Amino acid sequence: MSVLFSHYNYWVVIVLMMIGFYIVIAQGNLVKKLIGLNIFQTSVFILYISAGKVSGGTAPILADGITLYSNPLPHVLILTAIVVGIATTALGLSLIIRIRDTYGSVEEQDVRAAEGNRKQESC
Amino acid sequence: MLSHLPILQVILPLLGAPACLILWRPRIAWAFSFFISALAFIISGLLLKQVWQGGEIVYALGGWEAPWGIEYRIDLLNAFLLLIVSGLSTVVLAGARQSVAREIPAEKQTLFYVAWLLCLAGQLGILATGDAFNVFVFLEISSLSTYTLISLSRQREALWAAFQYLIVGTIGATFVLIGIGLMYMMTGTLNMADLAQRLPEVADTRTVFAAYAFIIVGVCLKLALFPLHAWLPNAYTFAPSVVTAFLAATATKVAVYLLIRFSFTVFGKDFSTFDVPLHSIFIGLGLIAVFSASTVAIMQRNIKRAIAYSSVAQIGYMIIGLGLGSVLGLQATLLHLFNHALMKGALFMAMVAMMLRIGGITVDDIAGLGKRMPVTALAFVTGGLSLIGVPLTVGFVSKWYLVSAAFSQGMWLVALLVVLGSLLAVMYIWRLVEIMYFRESPEQAPRGEAPLTVLLPLLLLVLGNIYFGIDTRLPVSVTEAAASSLLVEAYQGVQVGGAK
């Protein structure tokens, strides 16, 4: 039991990761796929931040009377990763907008069907 | 100035990209990005010379020393790859202007060059850096700009291909991020040289094993190693012609470099064989990639797609060399990185020329091309011969090394299968040769060569294929030194860990 509860944030990471991964694979709607990808990335952010926590430590700001600080480096790294995640989402959404403009749908099966028809026509 | 070369290499294209946006006129943007790319090429040449004469270069970013700051570390391996990537980018860019003008909407042409420079900056950054987290950042810079480059194509399928690549690429990069995080948890460092020293002490933990697994799978997604290759054929087929030439020549090479760097430098050679039979997995997957992708390539109507599948097969050869795990095997992989860049550069550049003149790239479009575009067709055939591995071309050199590496370890079957795989390449290349030379051109088919600005880079690449197939001194000596230093270093790393 102690493994379950003392590391509960890692369990959250694993659960979120699997949820996100499952959405990416199982959902046909491109926007939902992208949201799944976001959840997947977010789980990794929590993984990093959990690793930076020192139990009993406070926020890494110099102050009198405090000797124990949490490790700030993973937080800084994750700020970068969050920016990357936003860029990915923005690019993905703009691709979806253009896919909707050209195919008239954001469902994977519609897009695939349109591709299939075109291939048959051109053969 | 000379001591700042490692960072200049990356910072020039990175700053060049927004500068390109200010210039705005496509023609000037093209000239400017060509200039930047050429500068990066010259710098990488100087770097290789410095490393060859004076050994490893360590550069502390912003003057912050290594454990605190980010450090760039240039050894023979990445100096060699920097040369390949910046060189191919420059050559392809030299012939890009007309093709871009034709294939990309006018208002997006400048943005195209911006994305190109960002992609180049990302790839050079991955190669130059000695910091694991920095690798992730540059990986995403190059990936995001690659998705953009692919989606700029006029073919509507490119959007779908770019989206699929975005999903798969992001998952791959996130896996790498997880792996780096787990390594940091165990060692408290992100510096690759530091990691190499500290990982052996904790090598038996499950966390380090998971870190390695995440990184390998993440990189293999980027690498398009069979069975993680599904994104590659579509992305290469529908991307603008010059983008395909650029990506095929550089992107997968950078991923192979990451695989080598993490396996041999960071984790150490013997760790790679620790719990799982990674050697046999790599050799097995490599062989399956060679056979399955080559077979699929034989049946394609779109020749760009056929050569894209052949890329998956060629990646298989590189992975086989890596899986052999010997100095000779690793050298074969490194040689094939260089040679494959040259041959795929030549083949896809020939397709740039075809696309420019005849506007299509299916087997019907290229019928009788030998008469209509003799120079381009001949260039394509030479690239194809090199792909097969005919003597006097670069393809022969790397296949030779790969086969002899397999022989020297007594793996007769692997050597035999590598040779058999080349026969499949003969089939898909010969089919295209037959169509180009022995079939009648369609009536009123466009004829005449592509403009000289496209032909010259193409001929340069073809000459490279032949020149380095005959005078093999440069690639062979560099790769030999790089491969042996990697394996010796890894061996020492294990010794340090073992002596604890």
# chains A, B, ... in the order shown; residues from 1 in each chain; ligands from 1
>>> closest_atom_pairs(of="chain A", to="chain B", cutoff="9 Å", atoms="only C-alpha atoms", output="Markdown table")
| residue | atom | partner | partner_atom | distance |
| --- | --- | --- | --- | --- |
| A:Phe21 | CA | B:Ile171 | CA | 8.7 |
| A:Val24 | CA | B:Ile167 | CA | 8.0 |
| A:Leu30 | CA | B:Phe163 | CA | 8.9 |
| A:Lys33 | CA | B:Ile167 | CA | 8.3 |
| A:Leu34 | CA | B:Ile167 | CA | 7.7 |
| A:Leu37 | CA | B:Ile167 | CA | 7.4 |
| A:Phe40 | CA | B:Ile171 | CA | 8.3 |
| A:Gln41 | CA | B:Thr174 | CA | 6.7 |
| A:Val44 | CA | B:Ile178 | CA | 6.4 |
| A:Leu47 | CA | B:Gly181 | CA | 7.9 |
| A:Tyr48 | CA | B:Gly181 | CA | 6.2 |
| A:Ala51 | CA | B:Met185 | CA | 6.3 |
| A:Gly52 | CA | B:Met185 | CA | 8.4 |
| A:Pro74 | CA | B:Gly181 | CA | 8.3 |
| A:Leu77 | CA | B:Phe133 | CA | 7.8 |
| A:Thr80 | CA | B:Val137 | CA | 7.8 |
| A:Ala81 | CA | B:Val137 | CA | 7.7 |
| A:Val84 | CA | B:Glu140 | CA | 7.0 |
| A:Gly85 | CA | B:Thr170 | CA | 8.8 |
| A:Ala87 | CA | B:Leu144 | CA | 7.9 |
| A:Thr88 | CA | B:Leu144 | CA | 6.9 |
| A:Leu91 | CA | B:Leu144 | CA | 7.7 |
| A:Gly92 | CA | B:Phe163 | CA | 6.7 |
| A:Leu95 | CA | B:Leu159 | CA | 6.5 |
| A:Ile96 | CA | B:Phe163 | CA | 7.8 |
| A:Arg98 | CA | B:Leu159 | CA | 7.4 |
| A:Ile99 | CA | B:Leu159 | CA | 6.3 |
| A:Thr102 | CA | B:Arg156 | CA | 7.1 |
| A:Tyr103 | CA | B:Arg156 | CA | 8.6 |
| A:Val111 | CA | B:Trp160 | CA | 7.9 |
| A:Arg112 | CA | B:Trp160 | CA | 8.9 |
| A:Glu115 | CA | B:Glu157 | CA | 7.4 |
>>> residues_around(residues="Leu195 of chain B", least_positions_apart="6", cutoff="8 Å", atoms="only C-alpha atoms", output="list in words")
Met183, Thr187, Thr189, Val266 and Phe267 of chain B
>>> select_by_dssp(residues="segment 265-492 of chain B", states="alpha helix (DSSP H)", output="JSON, numbers by chain")
{"B": [269, 270, 271, 272, 278, 279, 280, 281, 282, 283, 284, 285, 286, 287, 288, 289, 290, 291, 292, 293, 294, 295, 296, 297, 298, 303, 304, 305, 306, 307, 308, 309, 310, 311, 312, 313, 314, 315, 316, 317, 318, 319, 320, 321, 322, 323, 324, 327, 328, 329, 330, 331, 332, 333, 334, 335, 336, 337, 338, 339, 340, 341, 342, 343, 344, 345, 346, 347, 348, 349, 350, 351, 352, 353, 354, 355, 356, 357, 358, 369, 370, 371, 372, 374, 375, 376, 377, 378, 379, 380, 381, 382, 383, 384, 385, 386, 387, 388, 394, 395, 396, 397, 398, 399, 400, 401, 402, 403, 404, 405, 406, 407, 408, 412, 413, 414, 415, 416, 417, 418, 419, 420, 421, 422, 423, 424, 425, 426, 427, 428, 429, 430, 431, 432, 433, 434, 435, 436, 437, 438, 452, 453, 454, 455, 456, 457, 458, 459, 460, 461, 462, 463, 464, 465, 466, 467, 468, 469, 470, 473, 474, 475, 476, 477, 478, 479, 480, 481, 482, 483, 484, 485, 486, 487, 488, 489, 490, 491, 492]}
>>> residues_around(residues="Pro391 of chain B", least_positions_apart="2", cutoff="12 Å", atoms="only C-alpha atoms", output="list of chain:residue names")
B:Thr382, B:Leu385, B:Ser386, B:Leu387, B:Ile388, B:Gly389, B:Thr393, B:Val394, B:Gly395, B:Phe396, B:Val397, B:Ser398, B:Lys399, B:Trp400, B:Asn465, B:Ile466, B:Tyr467, B:Phe468, B:Gly469, B:Ile470
>>> closest_residue(among="B:Leu5, B:Ala40, B:Ala196, B:Ile307", to="Met349 of chain B", atoms="only C-alpha atoms")
B:Ile307
>>> decode(residues="segment 32-44 of chain B", atoms="all heavy atoms", output="tab-separated table (two decimals), in the first residue's frame")
chain	number	residue	atom	x	y	z
B	32	PHE	N	19.55	34.90	-49.46
B	32	PHE	CA	20.03	35.06	-48.09
B	32	PHE	C	20.15	33.70	-47.40
B	32	PHE	O	21.16	33.39	-46.76
B	32	PHE	CB	19.07	35.97	-47.32
B	32	PHE	CG	19.47	36.22	-45.90
B	32	PHE	CD1	20.57	37.00	-45.61
B	32	PHE	CD2	18.75	35.66	-44.86
B	32	PHE	CE1	20.95	37.23	-44.30
B	32	PHE	CE2	19.13	35.89	-43.54
B	32	PHE	CZ	20.23	36.68	-43.28
B	33	SER	N	19.10	32.86	-47.53
B	33	SER	CA	19.18	31.58	-46.83
B	33	SER	C	20.25	30.69	-47.44
B	33	SER	O	20.90	29.92	-46.72
B	33	SER	CB	17.82	30.87	-46.78
B	33	SER	OG	17.04	31.21	-47.86
B	34	PHE	N	20.46	30.81	-48.75
B	34	PHE	CA	21.56	30.06	-49.37
B	34	PHE	C	22.90	30.51	-48.78
B	34	PHE	O	23.76	29.69	-48.45
B	34	PHE	CB	21.55	30.25	-50.89
B	34	PHE	CG	22.75	29.65	-51.56
B	34	PHE	CD1	22.90	28.28	-51.65
B	34	PHE	CD2	23.74	30.46	-52.10
B	34	PHE	CE1	24.01	27.71	-52.25
B	34	PHE	CE2	24.86	29.91	-52.69
B	34	PHE	CZ	24.99	28.53	-52.77
B	35	PHE	N	23.03	31.81	-48.62
B	35	PHE	CA	24.26	32.39	-48.06
B	35	PHE	C	24.50	31.86	-46.64
B	35	PHE	O	25.60	31.41	-46.29
B	35	PHE	CB	24.13	33.91	-48.08
B	35	PHE	CG	25.25	34.64	-47.41
B	35	PHE	CD1	26.54	34.60	-47.94
B	35	PHE	CD2	25.03	35.36	-46.25
B	35	PHE	CE1	27.58	35.27	-47.33
B	35	PHE	CE2	26.07	36.03	-45.63
B	35	PHE	CZ	27.34	35.98	-46.17
B	36	ILE	N	23.44	31.87	-45.81
B	36	ILE	CA	23.56	31.39	-44.43
B	36	ILE	C	23.95	29.92	-44.40
B	36	ILE	O	24.85	29.49	-43.66
B	36	ILE	CB	22.21	31.58	-43.70
B	36	ILE	CG1	21.86	33.05	-43.58
B	36	ILE	CG2	22.22	30.89	-42.35
B	36	ILE	CD1	22.46	33.73	-42.41
B	37	SER	N	23.25	29.15	-45.24
B	37	SER	CA	23.51	27.71	-45.27
B	37	SER	C	24.94	27.45	-45.71
B	37	SER	O	25.63	26.58	-45.16
B	37	SER	CB	22.50	27.04	-46.20
B	37	SER	OG	22.72	25.68	-46.26
B	38	ALA	N	25.41	28.23	-46.70
B	38	ALA	CA	26.78	28.06	-47.18
B	38	ALA	C	27.78	28.41	-46.08
B	38	ALA	O	28.80	27.73	-45.91
B	38	ALA	CB	27.02	28.92	-48.42
B	39	LEU	N	27.48	29.47	-45.32
B	39	LEU	CA	28.35	29.83	-44.19
B	39	LEU	C	28.43	28.69	-43.18
B	39	LEU	O	29.52	28.33	-42.72
B	39	LEU	CB	27.81	31.08	-43.49
B	39	LEU	CG	28.26	32.44	-44.00
B	39	LEU	CD1	27.67	33.52	-43.11
B	39	LEU	CD2	29.77	32.53	-44.04
B	40	ALA	N	27.26	28.11	-42.87
B	40	ALA	CA	27.24	26.99	-41.93
B	40	ALA	C	28.10	25.85	-42.46
B	40	ALA	O	28.81	25.17	-41.71
B	40	ALA	CB	25.81	26.52	-41.69
B	41	PHE	N	28.04	25.64	-43.78
B	41	PHE	CA	28.83	24.57	-44.40
B	41	PHE	C	30.33	24.85	-44.25
B	41	PHE	O	31.11	23.96	-43.88
B	41	PHE	CB	28.44	24.45	-45.88
B	41	PHE	CG	29.22	23.41	-46.63
B	41	PHE	CD1	29.24	22.09	-46.17
B	41	PHE	CD2	29.93	23.73	-47.76
B	41	PHE	CE1	29.95	21.12	-46.85
B	41	PHE	CE2	30.64	22.77	-48.44
B	41	PHE	CZ	30.66	21.46	-47.99
B	42	ILE	N	30.72	26.08	-44.51
B	42	ILE	CA	32.14	26.44	-44.38
B	42	ILE	C	32.59	26.24	-42.93
B	42	ILE	O	33.64	25.67	-42.65
B	42	ILE	CB	32.35	27.90	-44.82
B	42	ILE	CG1	32.08	28.03	-46.31
B	42	ILE	CG2	33.77	28.36	-44.48
B	42	ILE	CD1	32.00	29.44	-46.81
B	43	ILE	N	31.73	26.69	-41.99
B	43	ILE	CA	32.09	26.55	-40.57
B	43	ILE	C	32.25	25.08	-40.21
B	43	ILE	O	33.21	24.70	-39.51
B	43	ILE	CB	31.01	27.20	-39.69
B	43	ILE	CG1	31.01	28.71	-39.89
B	43	ILE	CG2	31.23	26.86	-38.23
B	43	ILE	CD1	29.89	29.41	-39.18
B	44	SER	N	31.32	24.24	-40.71
B	44	SER	CA	31.43	22.83	-40.34
B	44	SER	C	32.69	22.21	-40.94
B	44	SER	O	33.31	21.33	-40.33
B	44	SER	CB	30.18	22.06	-40.76
B	44	SER	OG	30.00	22.16	-42.13
